[in-house]
$ cat entry-v2.txt   # compact mmCIF, C-alpha atoms
# COMPACT_ATOMS: atom_id res chain seq x y z
CA MET A 1 14.78 31.98 -9.01
CA VAL A 2 15.62 28.28 -9.06
CA GLN A 3 19.08 27.61 -7.66
CA ARG A 4 21.12 24.63 -8.87
CA THR A 5 22.56 22.60 -6.03
CA SER A 6 26.25 21.86 -5.88
CA SER A 7 25.52 18.15 -6.43
CA ASP A 8 23.49 18.94 -9.58
CA SER A 9 26.27 21.16 -10.91
CA ALA A 10 28.90 18.53 -10.18
CA ALA A 11 26.86 15.80 -11.86
CA SER A 12 26.28 17.93 -14.95
CA ALA A 13 29.95 18.89 -15.19
CA GLU A 14 30.97 15.27 -14.72
CA ALA A 15 28.63 14.14 -17.50
CA MET A 16 30.21 16.65 -19.88
CA VAL A 17 33.59 14.92 -19.70
CA MET A 18 32.45 11.30 -19.36
CA ASP A 19 32.72 8.75 -22.16
CA LEU A 20 29.08 8.42 -23.27
CA SER A 21 29.80 6.12 -26.23
CA PRO A 22 27.68 2.94 -26.55
CA LYS A 23 29.16 -0.19 -24.99
CA ARG A 24 28.57 -3.95 -25.12
CA PRO A 25 28.38 -6.14 -22.00
CA ALA A 26 30.99 -8.61 -20.74
CA LYS A 27 30.32 -12.16 -19.55
CA SER A 28 30.04 -12.38 -15.77
CA TYR A 29 29.38 -16.11 -15.30
CA GLY A 30 27.79 -19.09 -17.03
CA GLY A 31 28.25 -22.52 -18.44
CA GLU A 32 26.50 -25.11 -20.60
CA GLY A 33 23.05 -23.82 -19.63
CA GLY A 34 23.74 -20.23 -20.62
CA SER A 35 25.47 -17.03 -19.54
CA TYR A 36 24.91 -13.84 -17.60
CA PHE A 37 26.41 -10.64 -19.00
CA ASP A 38 26.55 -7.18 -17.49
CA TRP A 39 27.78 -3.68 -18.21
CA SER A 40 30.49 -2.45 -15.87
CA PRO A 41 30.45 1.10 -14.48
CA SER A 42 34.19 1.21 -15.04
CA GLU A 43 33.57 0.75 -18.79
CA LEU A 44 30.42 2.89 -18.89
CA PRO A 45 30.86 5.55 -16.19
CA MET A 46 27.35 6.98 -16.64
CA LEU A 47 26.01 3.80 -15.01
CA ARG A 48 27.59 4.87 -11.72
CA ALA A 49 26.64 8.52 -12.16
CA ALA A 50 23.01 7.62 -12.83
CA SER A 51 22.92 4.69 -10.36
CA ILE A 52 21.66 2.44 -13.14
CA GLY A 53 22.40 -1.25 -13.62
CA ALA A 54 22.24 -3.14 -16.91
CA ALA A 55 22.59 -6.87 -17.57
CA LYS A 56 21.57 -9.57 -20.01
CA LEU A 57 20.66 -13.22 -19.41
CA SER A 58 21.07 -15.73 -22.24
CA LEU A 59 19.76 -19.28 -21.72
CA ALA A 60 20.46 -22.22 -24.03
CA ALA A 61 17.78 -24.84 -24.66
CA GLY A 62 17.08 -26.51 -21.31
CA GLY A 63 18.93 -23.77 -19.44
CA LEU A 64 17.71 -22.68 -16.01
CA ALA A 65 18.65 -19.50 -14.16
CA LEU A 66 18.45 -20.70 -10.55
CA PRO A 67 16.18 -18.81 -8.14
CA PHE A 68 17.64 -15.48 -7.07
CA TYR A 69 16.76 -11.99 -5.88
CA SER A 70 18.52 -8.72 -6.49
CA ASP A 71 19.48 -5.58 -4.60
CA SER A 72 17.78 -3.42 -7.23
CA ALA A 73 14.34 -2.81 -8.72
CA LYS A 74 14.36 -3.64 -12.44
CA VAL A 75 12.51 -3.77 -15.71
CA ALA A 76 13.06 -6.97 -17.69
CA TYR A 77 12.57 -7.13 -21.47
CA VAL A 78 12.61 -10.34 -23.52
CA LEU A 79 14.86 -9.70 -26.51
CA GLN A 80 14.64 -13.14 -28.09
CA GLY A 81 13.01 -16.55 -27.75
CA LYS A 82 10.28 -17.82 -25.48
CA GLY A 83 10.28 -19.74 -22.21
CA THR A 84 9.13 -19.52 -18.62
CA CYS A 85 9.69 -17.08 -15.81
CA ALA A 86 8.50 -17.43 -12.23
CA VAL A 87 7.94 -14.39 -10.03
CA LEU A 88 7.51 -14.67 -6.28
CA LEU A 89 6.47 -11.34 -4.78
CA PRO A 90 7.27 -10.68 -1.09
CA GLU A 91 4.74 -12.09 1.39
CA THR A 92 2.79 -14.01 -1.25
CA PRO A 93 1.99 -17.71 -0.73
CA SER A 94 2.83 -18.95 -4.22
CA GLU A 95 4.81 -18.05 -7.29
CA LYS A 96 3.33 -16.78 -10.53
CA ILE A 97 4.64 -18.87 -13.42
CA LEU A 98 4.58 -16.83 -16.60
CA PRO A 99 4.96 -17.99 -20.19
CA ILE A 100 7.20 -15.35 -21.77
CA LYS A 101 8.12 -14.48 -25.32
CA GLU A 102 9.94 -11.88 -27.37
CA GLY A 103 8.62 -8.38 -26.69
CA ASP A 104 7.47 -9.09 -23.12
CA ALA A 105 8.29 -6.48 -20.48
CA LEU A 106 8.09 -7.18 -16.74
CA ALA A 107 8.50 -4.83 -13.77
CA LEU A 108 10.40 -6.49 -10.91
CA PRO A 109 10.26 -4.60 -7.58
CA PHE A 110 12.68 -4.99 -4.67
CA GLY A 111 12.64 -8.37 -2.96
CA VAL A 112 11.19 -10.33 -5.89
CA VAL A 113 12.54 -13.86 -6.30
CA THR A 114 12.65 -15.09 -9.90
CA TRP A 115 13.81 -18.05 -11.92
CA TRP A 116 14.04 -18.26 -15.72
CA HIS A 117 13.89 -21.33 -17.97
CA ASN A 118 14.36 -21.94 -21.69
CA LEU A 119 12.40 -24.88 -23.06
CA HIS A 120 14.25 -28.10 -23.91
CA ALA A 121 12.71 -27.99 -27.37
CA ALA A 122 13.76 -24.39 -28.01
CA THR A 123 15.53 -23.68 -31.28
CA THR A 124 16.90 -20.31 -30.12
CA GLU A 125 18.37 -18.93 -26.94
CA LEU A 126 16.12 -17.12 -24.48
CA VAL A 127 17.65 -13.66 -24.05
CA VAL A 128 16.41 -11.21 -21.41
CA LEU A 129 17.58 -7.64 -20.80
CA PHE A 130 17.54 -6.17 -17.28
CA LEU A 131 17.68 -2.42 -16.63
CA GLY A 132 17.17 -0.98 -13.17
CA ASP A 133 17.88 1.40 -10.32
CA THR A 134 20.96 0.62 -8.20
CA SER A 135 20.73 3.67 -5.94
CA LYS A 136 19.90 1.43 -2.96
CA GLY A 137 22.14 -1.44 -4.06
CA HIS A 138 25.56 -2.58 -2.91
CA THR A 139 27.39 -1.17 -5.94
CA ALA A 140 26.29 1.94 -7.79
CA GLY A 141 25.90 1.09 -11.46
CA ARG A 142 25.84 -2.69 -11.06
CA PHE A 143 23.30 -5.29 -9.95
CA THR A 144 24.17 -7.69 -7.13
CA ASN A 145 22.19 -10.92 -7.45
CA MET A 146 21.73 -13.17 -4.43
CA GLN A 147 21.49 -16.83 -5.44
CA LEU A 148 19.30 -19.08 -3.28
CA THR A 149 20.95 -22.35 -4.38
CA GLY A 150 24.05 -23.62 -6.13
CA SER A 151 27.73 -23.30 -5.33
CA THR A 152 27.33 -19.56 -4.73
CA GLY A 153 23.98 -19.85 -2.96
CA ILE A 154 23.48 -18.05 0.33
CA PHE A 155 22.95 -21.30 2.26
CA THR A 156 26.48 -22.44 1.44
CA GLY A 157 27.58 -19.71 3.84
CA PHE A 158 25.53 -20.92 6.81
CA SER A 159 26.73 -23.70 9.05
CA THR A 160 25.02 -27.07 8.71
CA GLU A 161 23.54 -26.53 12.18
CA PHE A 162 21.82 -23.30 11.13
CA VAL A 163 20.51 -24.80 7.87
CA ALA A 164 19.20 -27.89 9.64
CA ARG A 165 17.43 -25.79 12.27
CA ALA A 166 15.95 -23.44 9.66
CA TRP A 167 14.57 -26.24 7.50
CA ASP A 168 13.82 -28.71 10.30
CA LEU A 169 16.00 -31.37 8.70
CA PRO A 170 18.57 -33.83 10.05
CA GLN A 171 22.03 -32.32 9.70
CA ASP A 172 23.18 -34.91 7.16
CA ALA A 173 20.11 -34.20 4.99
CA ALA A 174 20.69 -30.43 5.26
CA ALA A 175 24.35 -30.81 4.31
CA SER A 176 23.43 -32.96 1.32
CA LEU A 177 20.71 -30.60 0.11
CA VAL A 178 22.99 -27.58 0.19
CA SER A 179 25.91 -29.26 -1.56
CA THR A 180 24.31 -31.37 -4.32
CA GLN A 181 23.91 -28.50 -6.83
CA PRO A 182 27.42 -27.75 -8.16
CA GLY A 183 26.23 -25.16 -10.68
CA ALA A 184 26.58 -21.43 -10.04
CA GLY A 185 23.67 -19.26 -11.13
CA ILE A 186 22.83 -21.05 -14.37
CA VAL A 187 22.55 -24.80 -15.04
CA LYS A 188 21.42 -27.04 -17.89
CA LEU A 189 18.66 -29.47 -16.96
CA LYS A 190 18.82 -33.09 -18.02
CA ASP A 191 16.72 -34.17 -20.98
CA GLY A 192 13.31 -35.31 -19.82
CA PHE A 193 13.31 -33.24 -16.64
CA ARG A 194 9.83 -31.73 -16.40
CA MET A 195 9.52 -28.09 -15.39
CA PRO A 196 6.21 -26.41 -14.49
CA GLU A 197 4.42 -24.78 -17.38
CA GLY A 198 3.46 -21.12 -17.46
CA CYS A 199 -0.11 -19.97 -16.99
CA ASP A 200 -1.50 -17.27 -19.28
CA LYS A 201 -3.74 -16.00 -16.48
CA ASP A 202 -0.66 -15.24 -14.37
CA ARG A 203 0.50 -12.76 -17.02
CA GLU A 204 -2.36 -10.39 -16.19
CA GLY A 205 -0.95 -7.27 -14.55
CA MET A 206 2.56 -8.76 -14.61
CA VAL A 207 3.56 -8.61 -18.28
CA LEU A 208 3.05 -6.23 -21.20
CA ASN A 209 4.06 -7.38 -24.66
CA CYS A 210 5.44 -4.29 -26.37
CA LEU A 211 5.13 -5.83 -29.84
CA GLU A 212 1.40 -6.44 -29.41
CA ALA A 213 0.31 -3.54 -27.17
CA PRO A 214 -1.59 -0.54 -28.58
CA LEU A 215 0.78 2.03 -30.02
CA ASP A 216 1.18 5.32 -28.20
CA VAL A 217 2.71 6.90 -31.30
CA ASP A 218 2.36 5.62 -34.88
CA ILE A 219 3.76 7.75 -37.70
CA LYS A 220 3.64 6.35 -41.22
CA ASN A 221 7.13 5.72 -42.61
CA GLY A 222 8.48 7.35 -39.45
CA GLY A 223 8.25 5.27 -36.29
CA ARG A 224 6.20 3.68 -33.54
CA VAL A 225 6.33 3.82 -29.75
CA VAL A 226 4.88 1.75 -26.92
CA VAL A 227 5.28 3.32 -23.47
CA LEU A 228 5.28 1.31 -20.23
CA ASN A 229 3.72 3.25 -17.39
CA THR A 230 1.57 2.82 -14.32
CA GLN A 231 -1.57 2.48 -16.45
CA ASN A 232 -0.62 -0.51 -18.58
CA LEU A 233 1.81 -2.18 -16.16
CA PRO A 234 0.90 -1.28 -12.55
CA LEU A 235 4.08 -2.69 -10.99
CA VAL A 236 6.00 0.08 -12.77
CA LYS A 237 4.97 2.32 -9.86
CA GLU A 238 6.73 0.07 -7.36
CA VAL A 239 9.82 -0.13 -9.54
CA GLY A 240 9.94 3.65 -9.97
CA LEU A 241 10.96 3.44 -13.62
CA GLY A 242 9.25 4.12 -16.93
CA ALA A 243 10.18 2.37 -20.16
CA ASP A 244 9.43 2.37 -23.86
CA LEU A 245 10.05 0.42 -27.04
CA VAL A 246 10.77 2.59 -30.06
CA ARG A 247 11.00 1.41 -33.66
CA ILE A 248 11.91 3.85 -36.44
CA ASP A 249 12.01 3.09 -40.14
CA GLY A 250 15.00 3.32 -42.43
CA HIS A 251 16.52 6.83 -42.62
CA SER A 252 13.85 8.21 -40.27
CA MET A 253 14.77 10.69 -37.58
CA CYS A 254 13.77 10.85 -33.94
CA SER A 255 13.23 14.50 -32.98
CA PRO A 256 15.80 16.19 -30.73
CA GLY A 257 14.33 16.09 -27.24
CA PHE A 258 15.00 15.83 -23.54
CA SER A 259 13.41 14.46 -20.41
CA CYS A 260 11.93 17.44 -18.59
CA ASP A 261 11.54 15.72 -15.21
CA SER A 262 15.20 15.29 -14.30
CA ALA A 263 15.38 11.71 -15.56
CA TYR A 264 18.20 9.76 -17.16
CA GLN A 265 17.49 7.88 -20.40
CA VAL A 266 19.10 4.43 -20.61
CA THR A 267 18.91 3.03 -24.14
CA TYR A 268 19.64 -0.48 -25.42
CA ILE A 269 19.71 -0.96 -29.19
CA VAL A 270 17.66 -4.09 -29.89
CA ARG A 271 18.35 -4.30 -33.60
CA GLY A 272 19.33 -2.18 -36.56
CA SER A 273 21.69 0.76 -36.35
CA GLY A 274 21.90 4.49 -36.78
CA ARG A 275 23.58 7.73 -35.88
CA VAL A 276 23.20 9.32 -32.46
CA GLN A 277 24.01 12.84 -31.31
CA VAL A 278 23.78 14.16 -27.75
CA VAL A 279 24.21 17.84 -26.87
CA GLY A 280 24.85 19.08 -23.34
CA ILE A 281 25.68 22.28 -21.50
CA ASP A 282 26.57 25.41 -23.50
CA GLY A 283 25.64 23.74 -26.79
CA THR A 284 28.53 21.26 -26.55
CA ARG A 285 28.07 18.08 -28.57
CA VAL A 286 29.12 15.40 -26.09
CA LEU A 287 28.38 12.36 -28.25
CA GLU A 288 28.36 11.70 -31.97
CA THR A 289 28.47 8.05 -32.83
CA ARG A 290 26.90 5.16 -34.69
CA ALA A 291 24.93 2.81 -32.43
CA GLU A 292 24.38 -0.84 -33.34
CA GLY A 293 22.29 -3.72 -32.03
CA GLY A 294 23.53 -5.02 -28.67
CA CYS A 295 24.94 -1.69 -27.48
CA LEU A 296 23.81 0.43 -24.54
CA PHE A 297 24.26 4.12 -23.80
CA ILE A 298 22.93 6.68 -21.30
CA VAL A 299 21.77 10.24 -21.88
CA PRO A 300 22.44 12.55 -18.89
CA ARG A 301 19.63 14.55 -17.33
CA PHE A 302 18.32 17.45 -19.46
CA PHE A 303 20.79 16.70 -22.27
CA VAL A 304 19.20 16.64 -25.74
CA VAL A 305 19.40 13.48 -27.87
CA SER A 306 18.45 12.73 -31.47
CA LYS A 307 18.82 9.64 -33.65
CA ILE A 308 18.72 8.93 -37.40
CA ALA A 309 18.31 5.31 -38.50
CA ASP A 310 20.39 3.60 -41.15
CA ASP A 311 18.63 2.03 -44.14
CA THR A 312 17.49 -1.03 -42.14
CA GLY A 313 15.82 1.07 -39.43
CA MET A 314 16.55 0.98 -35.72
CA GLU A 315 14.78 -0.39 -32.65
CA TRP A 316 15.60 0.40 -29.05
CA PHE A 317 14.29 -0.31 -25.56
CA SER A 318 14.81 2.37 -22.93
CA ILE A 319 14.14 2.97 -19.29
CA ILE A 320 13.63 6.43 -17.85
CA THR A 321 14.30 7.02 -14.16
CA THR A 322 10.73 8.08 -13.38
CA PRO A 323 7.56 5.94 -13.66
CA ASN A 324 5.60 8.38 -15.85
CA PRO A 325 8.18 10.24 -17.94
CA ILE A 326 7.51 13.53 -19.71
CA PHE A 327 9.54 14.59 -22.75
CA SER A 328 9.94 17.92 -24.45
CA HIS A 329 10.77 17.92 -28.15
CA LEU A 330 12.61 20.64 -30.04
CA ALA A 331 11.29 19.86 -33.51
CA GLY A 332 7.95 18.80 -34.95
CA ARG A 333 4.31 19.81 -34.53
CA THR A 334 4.40 19.51 -30.75
CA SER A 335 7.77 21.16 -30.25
CA VAL A 336 8.31 24.15 -27.98
CA TRP A 337 9.00 26.30 -31.07
CA LYS A 338 5.42 25.93 -32.25
CA ALA A 339 4.18 27.32 -28.93
CA ILE A 340 6.55 30.28 -28.68
CA SER A 341 5.25 33.56 -30.09
CA PRO A 342 6.62 34.61 -33.51
CA ALA A 343 8.27 37.77 -32.22
CA VAL A 344 10.15 35.89 -29.50
CA LEU A 345 11.26 33.25 -31.97
CA GLN A 346 12.45 35.93 -34.40
CA ALA A 347 14.38 37.73 -31.66
CA SER A 348 15.82 34.52 -30.22
CA PHE A 349 17.32 33.51 -33.55
CA ASN A 350 18.09 37.13 -34.53
CA THR A 351 16.48 36.44 -37.89
CA THR A 352 14.05 38.05 -40.31
CA PRO A 353 10.25 37.74 -40.28
CA GLU A 354 10.51 35.85 -43.57
CA MET A 355 12.86 33.25 -42.08
CA GLU A 356 10.65 32.99 -38.99
CA ASN A 357 7.65 32.29 -41.22
CA LEU A 358 9.58 29.65 -43.17
CA PHE A 359 10.74 28.00 -39.95
CA ARG A 360 7.25 27.96 -38.45
CA SER A 361 5.68 26.62 -41.66
CA LYS A 362 7.69 23.39 -41.49
CA ARG A 363 6.85 20.18 -39.59
CA LEU A 364 3.19 21.13 -39.18
CA ASP A 365 2.02 17.51 -39.41
CA SER A 366 5.05 15.60 -38.10
CA GLU A 367 5.34 14.91 -34.39
CA ILE A 368 8.42 13.16 -32.99
CA PHE A 369 9.50 10.99 -35.95
CA PHE A 370 10.38 12.42 -39.32
CA ALA A 371 10.23 10.20 -42.38
CA PRO A 372 13.03 10.71 -44.90
CA ASN A 373 12.61 12.97 -47.91
CA SER A 374 14.69 13.40 -51.06
CA ASN A 375 17.03 15.80 -49.24
CA SER A 376 17.74 13.47 -46.31
CA ILE A 377 18.73 10.22 -48.03
$ encode --input "entry-v2.txt" --output "structure tokens"
Amino acid sequence: MVQRTSSDSAASAEAMVMDLSPKRPAKSYGGEGGSYFDWSPSELPMLRAASIGAAKLSLAAGGLALPFYSDSAKVAYVLQGKGTCAVLLPETPSEKILPIKEGDALALPFGVVTWWHNLHAATTELVVLFLGDTSKGHTAGRFTNMQLTGSTGIFTGFSTEFVARAWDLPQDAAASLVSTQPGAGIVKLKDGFRMPEGCDKDREGMVLNCLEAPLDVDIKNGGRVVVLNTQNLPLVKEVGLGADLVRIDGHSMCSPGFSCDSAYQVTYIVRGSGRVQVVGIDGTRVLETRAEGGCLFIVPRFFVVSKIADDTGMEWFSIITTPNPIFSHLAGRTSVWKAISPAVLQASFNTTPEMENLFRSKRLDSEIFFAPNSNSI
């Protein structure tokens, strides 16, 4: 017999009473070059419970997110625009400069230094979503970014003597170098300032474009899924997170299902809208809401979630707190009900053989997305 630990029981009970409703982020810092937004665990308590961080970077044309590293492993997803990202992995001699565009997903392990730049000629903002594991971070449920330069850069905290010794510079040069960048985190570059261009070759093994990748699920008039895992994006293993991009058509339904490997599902609505229901312990519906683009919500471990899109459809990007997630669905051709013997199903529902036959005869061709019919619109 499998015994539930006291910590598991406490976490499940806590999730039952938490506010699970979708939330939007708040601005943390920024200026003319752009802004950094994040979701607070005080506003979305499941972030702290799941040790998950969520943030969004928005860069104006010519905006530069100064080099930084974080206390958390993350998955980054480009929501809008195109630009450049540099990734410097620990103990590597040079950075990889990546051209990035909408739909790109990157896995960013611990210790990675990155910078992000939106082109001067850009007509739209470059917007990047970050979702990651904060279990080893300073604050559960929130990323802590360590800036290398600028007014909040780590070298502003060292004495001039230490900086000069570290960089082998005269003290006046060291003092000048540390203090000449007044910006904090994000700056806007002057017109004409030339930044390095991205190299397509550097994208290999570092980036997966979810809008161009082969589909893992493709159901006509229902929906499509691209899953990030250790096969198509190897760095996912180091990050310890899986992810997927799901797009469902208008009025389509995503089958009720749950993660069967004790993982949390963290979902950001990219665009569109729809209804969401989450059911927890003892058949209690813990969330019934309408989710819209720009909102984020978290499904507790083993809780069952289902979504129905509005007429414009719905698209979401999710991380799952395991690198190769496994889901169990409770409706459709691959659901557990199709595998359970007829007699057990009949007894479980306390129903008649005729009703059991009717139940089993449905959804023989549909998998996890159900296109609308005349009864569902």
$ residues_around --input "entry-v2.txt" --residues "Ala60 of chain A" --least-positions-apart "4" --cutoff "12 Å" --atoms "only C-alpha atoms" --output "PyMOL selection string"
chain A and resi 30-36+64-65+80-83+116-127+186-189
$ residues_around --input "entry-v2.txt" --residues "Phe327 of chain A" --least-positions-apart "3" --cutoff "9 Å" --atoms "all atoms listed in the file" --output "list in words"
Gly257, Phe258, Ser259, Cys260 and Asp261 of chain A
$ residues_around --input "entry-v2.txt" --residues "segment 173-178 of chain A" --least-positions-apart "4" --cutoff "12 Å" --atoms "all atoms listed in the file" --output "count of residues only"
24
$ atom_distance --input "entry-v2.txt" --atom1 "atom CA of Lys338 of chain A" --atom2 "atom CA of Ile308 of chain A"
22.2 Å
$ residues_around --input "entry-v2.txt" --residues "segment 286-300 of chain A" --least-positions-apart "2" --cutoff "7 Å" --atoms "all atoms listed in the file" --output "PDB file with C-alpha atoms, in the frame of the given file"
ATOM      1  CA  ALA A  15      28.630  14.140 -17.500  1.00  0.00           C
ATOM      2  CA  MET A  16      30.210  16.650 -19.880  1.00  0.00           C
ATOM      3  CA  LEU A  20      29.080   8.420 -23.270  1.00  0.00           C
ATOM      4  CA  SER A  21      29.800   6.120 -26.230  1.00  0.00           C
ATOM      5  CA  PRO A  22      27.680   2.940 -26.550  1.00  0.00           C
ATOM      6  CA  LYS A  23      29.160  -0.190 -24.990  1.00  0.00           C
ATOM      7  CA  ARG A  24      28.570  -3.950 -25.120  1.00  0.00           C
ATOM      8  CA  MET A  46      27.350   6.980 -16.640  1.00  0.00           C
ATOM      9  CA  TYR A 264      18.200   9.760 -17.160  1.00  0.00           C
ATOM     10  CA  GLN A 265      17.490   7.880 -20.400  1.00  0.00           C
ATOM     11  CA  VAL A 266      19.100   4.430 -20.610  1.00  0.00           C
ATOM     12  CA  THR A 267      18.910   3.030 -24.140  1.00  0.00           C
ATOM     13  CA  TYR A 268      19.640  -0.480 -25.420  1.00  0.00           C
ATOM     14  CA  ILE A 269      19.710  -0.960 -29.190  1.00  0.00           C
ATOM     15  CA  VAL A 270      17.660  -4.090 -29.890  1.00  0.00           C
ATOM     16  CA  ARG A 271      18.350  -4.300 -33.600  1.00  0.00           C
ATOM     17  CA  GLY A 272      19.330  -2.180 -36.560  1.00  0.00           C
ATOM     18  CA  SER A 273      21.690   0.760 -36.350  1.00  0.00           C
ATOM     19  CA  GLY A 274      21.900   4.490 -36.780  1.00  0.00           C
ATOM     20  CA  ARG A 275      23.580   7.730 -35.880  1.00  0.00           C
ATOM     21  CA  VAL A 276      23.200   9.320 -32.460  1.00  0.00           C
ATOM     22  CA  GLN A 277      24.010  12.840 -31.310  1.00  0.00           C
ATOM     23  CA  VAL A 278      23.780  14.160 -27.750  1.00  0.00           C
ATOM     24  CA  VAL A 279      24.210  17.840 -26.870  1.00  0.00           C
ATOM     25  CA  GLY A 280      24.850  19.080 -23.340  1.00  0.00           C
ATOM     26  CA  THR A 284      28.530  21.260 -26.550  1.00  0.00           C
ATOM     27  CA  PHE A 302      18.320  17.450 -19.460  1.00  0.00           C
ATOM     28  CA  PHE A 303      20.790  16.700 -22.270  1.00  0.00           C
TER      29      PHE A 303
END
$ atom_distance --input "entry-v2.txt" --atom1 "atom CA of Phe193 of chain A" --atom2 "atom CA of Leu66 of chain A"
14.9 Å
$ closest_atom_pairs --input "entry-v2.txt" --of "segment 163-210 of chain A" --to "segment 88-105 of chain A" --cutoff "6 Å" --atoms "all atoms listed in the file" --output "Markdown table"
| residue | atom | partner | partner_atom | distance |
| --- | --- | --- | --- | --- |
| A:Gly198 | CA | A:Pro99 | CA | 4.4 |
| A:Cys199 | CA | A:Leu98 | CA | 5.7 |
| A:Asp202 | CA | A:Lys96 | CA | 5.7 |
| A:Arg203 | CA | A:Leu98 | CA | 5.8 |
| A:Val207 | CA | A:Ala105 | CA | 5.6 |
| A:Leu208 | CA | A:Ala105 | CA | 5.3 |
| A:Asn209 | CA | A:Asp104 | CA | 4.1 |
| A:Cys210 | CA | A:Gly103 | CA | 5.2 |
$ atom_distance --input "entry-v2.txt" --atom1 "atom CA of Gly62 of chain A" --atom2 "atom CA of Asn145 of chain A"
21.5 Å
$ closest_atom_pairs --input "entry-v2.txt" --of "segment 13-92 of chain A" --to "segment 221-243 of chain A" --cutoff "9 Å" --atoms "only C-alpha atoms" --output "CSV"
residue,atom,partner,partner_atom,distance
A:Ser72,CA,A:Val239,CA,8.9
A:Ala73,CA,A:Val239,CA,5.3
A:Lys74,CA,A:Val239,CA,6.4
A:Val75,CA,A:Val239,CA,7.7
$ closest_residue --input "entry-v2.txt" --among "A:Ala263, A:Arg363, A:Ser318, A:Gly313" --to "Trp337 of chain A" --atoms "only C-alpha atoms"
A:Arg363
